[in-house]
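S.K.: Here you go, this is start-v1.cif (mmCIF, C-alpha atoms).
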data_coords
#
loop_
_atom_site.group_PDB
_atom_site.id
_atom_site.type_symbol
_atom_site.label_atom_id
_atom_site.label_comp_id
_atom_site.auth_asym_id
_atom_site.auth_seq_id
_atom_site.Cartn_x
_atom_site.Cartn_y
_atom_site.Cartn_z
ATOM 1 C CA MET A 345 -78.809 38.531 61.056
ATOM 2 C CA ASN A 346 -77.092 35.336 59.983
ATOM 3 C CA GLU A 347 -76.687 34.686 56.320
ATOM 4 C CA THR A 348 -77.540 31.394 54.690
ATOM 5 C CA PRO A 349 -75.067 29.802 52.243
ATOM 6 C CA SER A 350 -76.968 31.668 49.513
ATOM 7 C CA GLY A 351 -75.879 35.055 50.922
ATOM 8 C CA LEU A 352 -79.474 35.997 51.794
ATOM 9 C CA ALA A 353 -80.730 36.336 55.374
ATOM 10 C CA PRO A 354 -83.005 33.422 56.384
ATOM 11 C CA ASP A 355 -86.219 35.451 56.168
ATOM 12 C CA GLU A 356 -85.172 36.943 52.822
ATOM 13 C CA LEU A 357 -84.451 33.483 51.454
ATOM 14 C CA ALA A 358 -87.780 32.202 52.814
ATOM 15 C CA ALA A 359 -89.616 35.100 51.128
ATOM 16 C CA TRP A 360 -87.871 34.431 47.814
ATOM 17 C CA GLU A 361 -88.630 30.709 48.033
ATOM 18 C CA SER A 362 -92.310 31.372 48.751
ATOM 19 C CA PHE A 363 -92.486 33.545 45.679
ATOM 20 C CA ILE A 364 -90.441 31.378 43.315
ATOM 21 C CA ARG A 365 -92.134 28.090 44.298
ATOM 22 C CA MET A 366 -95.548 29.655 43.810
ATOM 23 C CA GLU A 367 -94.397 31.088 40.490
ATOM 24 C CA GLU A 368 -93.075 27.721 39.278
ATOM 25 C CA ILE A 369 -96.279 25.930 40.229
ATOM 26 C CA LEU A 370 -98.743 28.575 39.025
ATOM 27 C CA ILE A 371 -96.978 29.253 35.728
ATOM 28 C CA GLY A 372 -96.295 25.523 35.241
ATOM 29 C CA ARG A 373 -99.975 24.734 35.765
ATOM 30 C CA LEU A 374 -101.206 27.536 33.501
ATOM 31 C CA SER A 375 -98.731 26.486 30.780
ATOM 32 C CA ARG A 376 -99.903 22.910 30.957
ATOM 33 C CA LEU A 377 -103.549 23.985 30.722
ATOM 34 C CA LEU A 378 -102.787 26.341 27.824
ATOM 35 C CA ARG A 379 -101.111 23.497 25.921
ATOM 36 C CA ALA A 380 -104.024 21.152 26.613
ATOM 37 C CA ASP A 381 -106.731 23.721 25.721
ATOM 38 C CA SER A 382 -105.086 25.555 22.833
ATOM 39 C CA ASN A 383 -101.906 23.717 21.793
ATOM 40 C CA MET A 384 -99.757 26.781 22.493
ATOM 41 C CA SER A 385 -96.752 27.138 24.752
ATOM 42 C CA ALA A 386 -96.630 29.928 27.331
ATOM 43 C CA SER A 387 -94.041 31.614 25.086
ATOM 44 C CA ASP A 388 -96.346 31.451 22.041
ATOM 45 C CA TYR A 389 -99.105 32.978 24.134
ATOM 46 C CA LEU A 390 -96.914 35.731 25.557
ATOM 47 C CA VAL A 391 -95.594 36.764 22.126
ATOM 48 C CA LEU A 392 -99.090 36.816 20.644
ATOM 49 C CA VAL A 393 -100.471 38.849 23.568
ATOM 50 C CA LYS A 394 -97.722 41.452 23.174
ATOM 51 C CA LEU A 395 -98.135 41.680 19.367
ATOM 52 C CA THR A 396 -101.927 41.805 19.345
ATOM 53 C CA GLU A 397 -101.862 44.554 22.001
ATOM 54 C CA ALA A 398 -99.536 46.646 19.802
ATOM 55 C CA PRO A 399 -100.797 49.012 17.062
ATOM 56 C CA ASP A 400 -101.392 47.059 13.820
ATOM 57 C CA GLY A 401 -100.437 43.845 15.618
ATOM 58 C CA GLU A 402 -96.760 44.375 14.969
ATOM 59 C CA MET A 403 -93.618 45.216 16.862
ATOM 60 C CA ARG A 404 -89.940 45.491 16.036
ATOM 61 C CA PHE A 405 -88.090 42.270 16.804
ATOM 62 C CA LEU A 406 -85.702 44.008 19.208
ATOM 63 C CA GLU A 407 -88.487 45.853 21.004
ATOM 64 C CA LEU A 408 -90.418 42.601 21.406
ATOM 65 C CA ALA A 409 -87.355 40.881 22.896
ATOM 66 C CA LYS A 410 -86.778 43.833 25.185
ATOM 67 C CA ILE A 411 -90.251 44.083 26.707
ATOM 68 C CA VAL A 412 -90.259 40.421 27.724
ATOM 69 C CA GLU A 413 -86.569 40.564 28.719
ATOM 70 C CA TRP A 414 -85.521 37.651 26.506
ATOM 71 C CA GLU A 415 -82.140 37.253 24.889
ATOM 72 C CA LYS A 416 -82.184 37.902 21.145
ATOM 73 C CA SER A 417 -81.290 34.263 20.376
ATOM 74 C CA ARG A 418 -84.233 32.980 22.409
ATOM 75 C CA MET A 419 -86.657 35.343 20.683
ATOM 76 C CA SER A 420 -85.183 34.469 17.315
ATOM 77 C CA HIS A 421 -85.824 30.721 17.830
ATOM 78 C CA GLN A 422 -89.290 31.462 19.178
ATOM 79 C CA VAL A 423 -90.256 33.677 16.232
ATOM 80 C CA SER A 424 -88.943 31.095 13.727
ATOM 81 C CA ARG A 425 -91.105 28.386 15.292
ATOM 82 C CA MET A 426 -94.147 30.682 15.215
ATOM 83 C CA VAL A 427 -93.512 31.678 11.575
ATOM 84 C CA LYS A 428 -93.482 27.967 10.638
ATOM 85 C CA ARG A 429 -96.845 27.503 12.342
ATOM 86 C CA GLY A 430 -98.277 30.587 10.635
ATOM 87 C CA LEU A 431 -98.972 32.466 13.893
ATOM 88 C CA VAL A 432 -96.683 35.408 13.062
ATOM 89 C CA ALA A 433 -94.841 36.730 10.004
ATOM 90 C CA LYS A 434 -91.657 38.737 9.618
ATOM 91 C CA ARG A 435 -91.663 42.007 7.738
ATOM 92 C CA GLU A 436 -88.212 43.187 6.709
ATOM 93 C CA CYS A 437 -87.452 46.909 6.471
ATOM 94 C CA PRO A 438 -84.437 47.191 4.161
ATOM 95 C CA GLU A 439 -84.571 50.974 4.126
ATOM 96 C CA ASP A 440 -84.748 51.228 7.935
ATOM 97 C CA ALA A 441 -81.709 50.375 10.051
ATOM 98 C CA ARG A 442 -83.866 49.806 13.125
ATOM 99 C CA GLY A 443 -84.616 46.276 11.919
ATOM 100 C CA ALA A 444 -87.409 43.879 11.047
ATOM 101 C CA PHE A 445 -90.955 43.780 12.385
ATOM 102 C CA VAL A 446 -92.786 40.744 13.733
ATOM 103 C CA VAL A 447 -96.486 40.776 12.819
ATOM 104 C CA ALA A 448 -99.387 38.728 14.189
ATOM 105 C CA THR A 449 -101.132 36.947 11.288
ATOM 106 C CA PRO A 450 -104.924 36.440 11.092
ATOM 107 C CA LEU A 451 -104.260 32.886 12.351
ATOM 108 C CA GLY A 452 -102.310 34.370 15.270
ATOM 109 C CA TYR A 453 -105.205 36.693 16.135
ATOM 110 C CA LYS A 454 -107.617 33.787 15.957
ATOM 111 C CA ALA A 455 -105.388 31.618 18.173
ATOM 112 C CA ILE A 456 -105.193 34.247 20.903
ATOM 113 C CA GLN A 457 -108.910 35.073 20.711
ATOM 114 C CA ASP A 458 -109.798 31.387 21.007
ATOM 115 C CA ALA A 459 -107.361 30.791 23.868
ATOM 116 C CA ALA A 460 -107.999 33.911 25.964
ATOM 117 C CA PRO A 461 -111.406 33.048 27.538
ATOM 118 C CA MET A 462 -110.227 29.639 28.752
ATOM 119 C CA HIS A 463 -106.999 31.141 29.994
ATOM 120 C CA ALA A 464 -108.941 33.818 31.908
ATOM 121 C CA GLN A 465 -111.049 31.133 33.592
ATOM 122 C CA HIS A 466 -107.918 29.366 34.792
ATOM 123 C CA VAL A 467 -106.461 32.668 36.012
ATOM 124 C CA ARG A 468 -109.643 33.337 37.984
ATOM 125 C CA ARG A 469 -109.749 29.893 39.518
ATOM 126 C CA LEU A 470 -106.042 29.552 40.338
ATOM 127 C CA PHE A 471 -104.991 33.134 41.149
ATOM 128 C CA VAL A 472 -107.895 35.557 41.723
ATOM 129 C CA GLU A 473 -109.864 33.148 43.913
ATOM 130 C CA ALA A 474 -106.809 32.351 46.054
ATOM 131 C CA LEU A 475 -107.018 35.738 47.793
ATOM 132 C CA THR A 476 -109.632 38.110 49.205
ATOM 133 C CA PRO A 477 -110.209 41.315 47.187
ATOM 134 C CA ASN A 478 -108.110 43.280 49.711
ATOM 135 C CA GLN A 479 -105.291 40.758 49.569
ATOM 136 C CA LEU A 480 -105.441 40.794 45.786
ATOM 137 C CA ASN A 481 -105.098 44.594 45.772
ATOM 138 C CA THR A 482 -102.132 44.409 48.126
ATOM 139 C CA TYR A 483 -100.519 41.702 46.026
ATOM 140 C CA ALA A 484 -101.000 43.747 42.852
ATOM 141 C CA ARG A 485 -99.548 46.874 44.468
ATOM 142 C CA LEU A 486 -96.440 45.050 45.716
ATOM 143 C CA SER A 487 -95.988 43.268 42.354
ATOM 144 C CA GLN A 488 -96.125 46.659 40.661
ATOM 145 C CA ARG A 489 -93.498 47.991 43.046
ATOM 146 C CA ILE A 490 -91.178 45.057 42.315
ATOM 147 C CA MET A 491 -91.626 45.552 38.569
ATOM 148 C CA GLU A 492 -90.792 49.239 38.778
ATOM 149 C CA HIS A 493 -87.732 48.428 40.871
ATOM 150 C CA VAL A 494 -86.500 45.795 38.375
ATOM 151 C CA LYS A 495 -86.959 48.184 35.452
ATOM 152 C CA LYS A 496 -84.814 50.796 37.193
ATOM 153 C CA GLN A 497 -81.943 48.345 37.743
ATOM 154 C CA ALA A 498 -79.205 48.046 35.156
ATOM 155 C CA ASP A 499 -78.370 44.463 34.151
ATOM 156 C CA MET B 212 -119.019 44.837 38.429
ATOM 157 C CA ASN B 213 -118.536 44.909 34.680
ATOM 158 C CA GLU B 214 -116.538 42.173 33.105
ATOM 159 C CA THR B 215 -113.766 42.778 30.606
ATOM 160 C CA PRO B 216 -113.638 40.692 27.406
ATOM 161 C CA SER B 217 -111.364 38.324 29.321
ATOM 162 C CA GLY B 218 -114.160 37.398 31.714
ATOM 163 C CA LEU B 219 -112.376 38.959 34.693
ATOM 164 C CA ALA B 220 -113.585 42.103 36.478
ATOM 165 C CA PRO B 221 -111.411 45.143 35.674
ATOM 166 C CA ASP B 222 -109.650 45.166 39.049
ATOM 167 C CA GLU B 223 -109.092 41.401 38.890
ATOM 168 C CA LEU B 224 -107.581 41.730 35.443
ATOM 169 C CA ALA B 225 -105.415 44.640 36.611
ATOM 170 C CA ALA B 226 -104.171 42.576 39.556
ATOM 171 C CA TRP B 227 -103.329 39.641 37.303
ATOM 172 C CA GLU B 228 -101.536 41.896 34.835
ATOM 173 C CA SER B 229 -99.475 43.498 37.612
ATOM 174 C CA PHE B 230 -98.398 40.066 38.722
ATOM 175 C CA ILE B 231 -97.774 38.499 35.307
ATOM 176 C CA ARG B 232 -95.875 41.489 33.895
ATOM 177 C CA MET B 233 -93.650 41.605 36.947
ATOM 178 C CA GLU B 234 -93.152 37.844 36.691
ATOM 179 C CA GLU B 235 -92.201 38.041 33.000
ATOM 180 C CA ILE B 236 -89.728 40.826 33.610
ATOM 181 C CA LEU B 237 -88.204 39.498 36.820
ATOM 182 C CA ILE B 238 -87.877 35.902 35.611
ATOM 183 C CA GLY B 239 -86.727 37.102 32.171
ATOM 184 C CA ARG B 240 -84.027 39.256 33.739
ATOM 185 C CA LEU B 241 -82.864 36.533 36.147
ATOM 186 C CA SER B 242 -82.772 33.976 33.300
ATOM 187 C CA ARG B 243 -80.689 36.291 31.167
ATOM 188 C CA LEU B 244 -78.259 36.925 34.035
ATOM 189 C CA LEU B 245 -78.048 33.199 34.813
ATOM 190 C CA ARG B 246 -77.172 32.456 31.192
ATOM 191 C CA ALA B 247 -74.550 35.224 31.138
ATOM 192 C CA ASP B 248 -72.982 34.247 34.488
ATOM 193 C CA SER B 249 -73.235 30.472 34.377
ATOM 194 C CA ASN B 250 -74.321 29.380 30.892
ATOM 195 C CA MET B 251 -77.417 27.662 32.239
ATOM 196 C CA SER B 252 -81.046 28.154 31.349
ATOM 197 C CA ALA B 253 -83.621 28.801 34.071
ATOM 198 C CA SER B 254 -84.890 25.247 33.433
ATOM 199 C CA ASP B 255 -81.391 23.764 33.923
ATOM 200 C CA TYR B 256 -81.110 25.692 37.174
ATOM 201 C CA LEU B 257 -84.531 24.679 38.435
ATOM 202 C CA VAL B 258 -83.947 20.970 37.725
ATOM 203 C CA LEU B 259 -80.534 21.040 39.407
ATOM 204 C CA VAL B 260 -81.915 22.877 42.465
ATOM 205 C CA LYS B 261 -84.663 20.288 42.891
ATOM 206 C CA LEU B 262 -82.289 17.319 42.424
ATOM 207 C CA THR B 263 -79.523 18.623 44.680
ATOM 208 C CA GLU B 264 -82.077 19.375 47.427
ATOM 209 C CA ALA B 265 -83.326 15.759 47.270
ATOM 210 C CA PRO B 266 -81.707 12.891 49.229
ATOM 211 C CA ASP B 267 -78.703 11.499 47.289
ATOM 212 C CA GLY B 268 -79.255 14.141 44.596
ATOM 213 C CA GLU B 269 -81.792 12.006 42.799
ATOM 214 C CA MET B 270 -85.489 11.949 42.126
ATOM 215 C CA ARG B 271 -87.831 9.804 40.077
ATOM 216 C CA PHE B 272 -88.468 11.307 36.651
ATOM 217 C CA LEU B 273 -92.228 11.486 37.212
ATOM 218 C CA GLU B 274 -91.857 13.041 40.653
ATOM 219 C CA LEU B 275 -89.483 15.650 39.258
ATOM 220 C CA ALA B 276 -91.962 16.549 36.500
ATOM 221 C CA LYS B 277 -94.765 16.705 39.033
ATOM 222 C CA ILE B 278 -93.166 19.065 41.547
ATOM 223 C CA VAL B 279 -92.406 21.659 38.880
ATOM 224 C CA GLU B 280 -95.742 21.044 37.108
ATOM 225 C CA TRP B 281 -94.179 20.305 33.729
ATOM 226 C CA GLU B 282 -95.617 17.996 31.129
ATOM 227 C CA LYS B 283 -93.704 14.720 30.811
ATOM 228 C CA SER B 284 -92.602 15.574 27.254
ATOM 229 C CA ARG B 285 -91.100 18.885 28.359
ATOM 230 C CA MET B 286 -89.198 17.238 31.215
ATOM 231 C CA SER B 287 -88.065 14.449 28.924
ATOM 232 C CA HIS B 288 -86.518 16.931 26.435
ATOM 233 C CA GLN B 289 -84.986 18.914 29.292
ATOM 234 C CA VAL B 290 -83.416 15.845 30.924
ATOM 235 C CA SER B 291 -82.027 14.648 27.562
ATOM 236 C CA ARG B 292 -80.315 17.998 27.007
ATOM 237 C CA MET B 293 -78.866 17.934 30.515
ATOM 238 C CA VAL B 294 -77.645 14.337 30.121
ATOM 239 C CA LYS B 295 -75.781 15.389 26.944
ATOM 240 C CA ARG B 296 -74.088 18.207 28.860
ATOM 241 C CA GLY B 297 -73.193 15.860 31.735
ATOM 242 C CA LEU B 298 -75.221 17.781 34.348
ATOM 243 C CA VAL B 299 -77.498 14.854 35.202
ATOM 244 C CA ALA B 300 -77.602 11.117 34.520
ATOM 245 C CA LYS B 301 -80.478 8.666 34.212
ATOM 246 C CA ARG B 302 -80.595 5.577 36.399
ATOM 247 C CA GLU B 303 -82.987 2.925 35.165
ATOM 248 C CA CYS B 304 -84.767 0.631 37.632
ATOM 249 C CA PRO B 305 -85.751 -2.452 35.633
ATOM 250 C CA GLU B 306 -87.027 -4.276 38.730
ATOM 251 C CA ASP B 307 -89.144 -1.324 39.872
ATOM 252 C CA ALA B 308 -92.282 -0.371 37.957
ATOM 253 C CA ARG B 309 -92.229 3.154 39.413
ATOM 254 C CA GLY B 310 -89.740 4.239 36.758
ATOM 255 C CA ALA B 311 -86.288 5.714 36.229
ATOM 256 C CA PHE B 312 -84.391 8.129 38.461
ATOM 257 C CA VAL B 313 -82.708 11.352 37.387
ATOM 258 C CA VAL B 314 -79.463 11.966 39.294
ATOM 259 C CA ALA B 315 -77.351 15.121 39.628
ATOM 260 C CA THR B 316 -73.765 14.329 38.537
ATOM 261 C CA PRO B 317 -70.678 15.822 40.233
ATOM 262 C CA LEU B 318 -70.586 18.300 37.331
ATOM 263 C CA GLY B 319 -74.225 19.180 38.057
ATOM 264 C CA TYR B 320 -73.430 19.785 41.739
ATOM 265 C CA LYS B 321 -70.476 21.953 40.769
ATOM 266 C CA ALA B 322 -72.590 23.936 38.276
ATOM 267 C CA ILE B 323 -75.239 24.743 40.877
ATOM 268 C CA GLN B 324 -72.693 25.553 43.586
ATOM 269 C CA ASP B 325 -70.857 27.915 41.244
ATOM 270 C CA ALA B 326 -74.062 29.592 40.032
ATOM 271 C CA ALA B 327 -75.903 29.956 43.354
ATOM 272 C CA PRO B 328 -73.975 32.866 44.954
ATOM 273 C CA MET B 329 -74.283 35.071 41.847
ATOM 274 C CA HIS B 330 -77.926 34.128 41.491
ATOM 275 C CA ALA B 331 -78.553 35.050 45.149
ATOM 276 C CA GLN B 332 -76.957 38.468 44.600
ATOM 277 C CA HIS B 333 -79.309 39.137 41.697
ATOM 278 C CA VAL B 334 -82.297 37.945 43.762
ATOM 279 C CA ARG B 335 -81.297 40.337 46.548
ATOM 280 C CA ARG B 336 -80.824 43.285 44.213
ATOM 281 C CA LEU B 337 -83.909 42.745 42.026
ATOM 282 C CA PHE B 338 -86.447 41.247 44.458
ATOM 283 C CA VAL B 339 -85.520 41.587 48.153
ATOM 284 C CA GLU B 340 -84.423 45.215 47.863
ATOM 285 C CA ALA B 341 -87.595 46.199 45.973
ATOM 286 C CA LEU B 342 -89.669 45.982 49.162
ATOM 287 C CA THR B 343 -89.402 46.912 52.850
ATOM 288 C CA PRO B 344 -89.007 43.967 55.269
ATOM 289 C CA ASN B 345 -92.703 44.242 56.208
ATOM 290 C CA GLN B 346 -93.790 44.321 52.575
ATOM 291 C CA LEU B 347 -91.545 41.355 51.841
ATOM 292 C CA ASN B 348 -93.185 39.368 54.654
ATOM 293 C CA THR B 349 -96.640 40.238 53.363
ATOM 294 C CA TYR B 350 -95.655 39.300 49.817
ATOM 295 C CA ALA B 351 -94.247 35.972 51.005
ATOM 296 C CA ARG B 352 -97.374 35.204 53.036
ATOM 297 C CA LEU B 353 -99.707 35.940 50.101
ATOM 298 C CA SER B 354 -97.504 33.979 47.676
ATOM 299 C CA GLN B 355 -97.669 31.025 50.056
ATOM 300 C CA ARG B 356 -101.455 31.318 50.158
ATOM 301 C CA ILE B 357 -101.674 31.311 46.350
ATOM 302 C CA MET B 358 -99.407 28.265 46.158
ATOM 303 C CA GLU B 359 -101.501 26.331 48.665
ATOM 304 C CA HIS B 360 -104.641 27.264 46.751
ATOM 305 C CA VAL B 361 -103.163 26.104 43.411
ATOM 306 C CA LYS B 362 -102.047 22.793 44.901
ATOM 307 C CA LYS B 363 -105.590 22.131 46.157
ATOM 308 C CA GLN B 364 -107.123 22.692 42.712
ATOM 309 C CA ALA B 365 -107.562 19.795 40.327
ATOM 310 C CA ASP B 366 -106.293 20.442 36.793
#
Please express what this file holds, its structure, as structure tokens.

M.R.:
Amino acid sequence: MNETPSGLAPDELAAWESFIRMEEILIGRLSRLLRADSNMSASDYLVLVKLTEAPDGEMRFLELAKIVEWEKSRMSHQVSRMVKRGLVAKRECPEDARGAFVVATPLGYKAIQDAAPMHAQHVRRLFVEALTPNQLNTYARLSQRIMEHVKKQAD
Amino acid sequence: MNETPSGLAPDELAAWESFIRMEEILIGRLSRLLRADSNMSASDYLVLVKLTEAPDGEMRFLELAKIVEWEKSRMSHQVSRMVKRGLVAKRECPEDARGAFVVATPLGYKAIQDAAPMHAQHVRRLFVEALTPNQLNTYARLSQRIMEHVKKQAD
């Protein structure tokens, strides 16, 4: 099969573009709605979801960066902004070389609890209702397979 | 079917989580690789792809914000950062009420041309190779359907 200038075969490139354009538009739309409804960025929301799902609402800084696959510098800027707004706090562990914790504050819990129902409505309207139940199951199964594949790949 | 606290049925929520976790990890990984290979953020890359695909490498500011579904303020910050780095330039249109253009500079074209082959290799390894050709076609078709659905929905 011929390769495009990108080094992908035409149908591979078309598949990637279908996915990435959908991703840009869906995530862009959800981010815009989140900002309008709850005055949070998608990154604020993601960090708060991960922390509030963790035991005691806290996670080591490095572990947090790792599960969302962000560079340390990006997470560091993000956490600083959220500390200033009172959504999270840092808890240093001087006696533990594994590093500081990031903790969701009561304000952080409240922010995510207030935002989640509206966010879920947008997810239903924009994503769930786009597909039939069978299509949705297929899409979930293939997404899962891609995620497992990515996790197995070294950088 | 019972609803979860999020207001989605359990299998709907599971489908969304499969998608969004994969998206976080895949886009996080690709962004990190893009930064390491080419010293660009995913936003830099996206803006340059859209501009260099457009006729004459330029697009109206508002049109650019619209196709990626970003708020105007986010695009404004992004364009300012890229102007400082010489990747894009602004072209004002005083006689035209439809607003300023954003233009890819020769440096912007070079940046995207240098970055694209490495990016394509990562896309192949992390995304294309995760699925069989049939699965990839199905995934592309369903992604396309979601995108068309999102575009039809008002905010």

S.K.: For each of B:Thr263, B:Glu340, B:Leu245, B:Val314, take the minimum atom-to-atom distance to Trp360 of chain A, counting all atoms listed in the file, then give the residue where this is smallest.

M.R.: B:Glu340

S.K.: For the file shown, what are the residues hit by the PyMOL selection byres ((chain A) within 7 of (chain B)), laid out as a count of residues only?

M.R.: 36

S.K.: Determine, counting all atoms listed in the file, which protein, DNA and RNA residues have an atom within 10 Å of an atom of Arg442 of chain A; residues of the same chain fewer than 6 positions away are not included. Present the result as number ranges by chain.

M.R.: A: 404-407

S.K.: Can I get the selection written as a CSV table (one decimal), keeping the file's coordinate frame, with C-alpha atoms?

M.R.:
chain,number,residue,atom,x,y,z
A,404,ARG,CA,-89.9,45.5,16.0
A,405,PHE,CA,-88.1,42.3,16.8
A,406,LEU,CA,-85.7,44.0,19.2
A,407,GLU,CA,-88.5,45.9,21.0

S.K.: Quick one: distance from atom CA of Tyr320 of chain B to atom CA of Arg302 of chain B in Å, one decimal?

M.R.: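 So the answer is 16.8 Å.
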
S.K.: Expressed in Å to a single decimal, how great is the separation between atom CA of Glu402 of chain A and atom CA of Val446 of chain A?

M.R.: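 That distance, rounded to one decimal, is 5.5 Å.
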
S.K.: Distance atom CA of Val294 of chain B-atom CA of Met426 of chain A, one decimal place?

M.R.: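 One can read the atom CA of Val294 of chain B to atom CA of Met426 of chain A distance as 27.6 Å.
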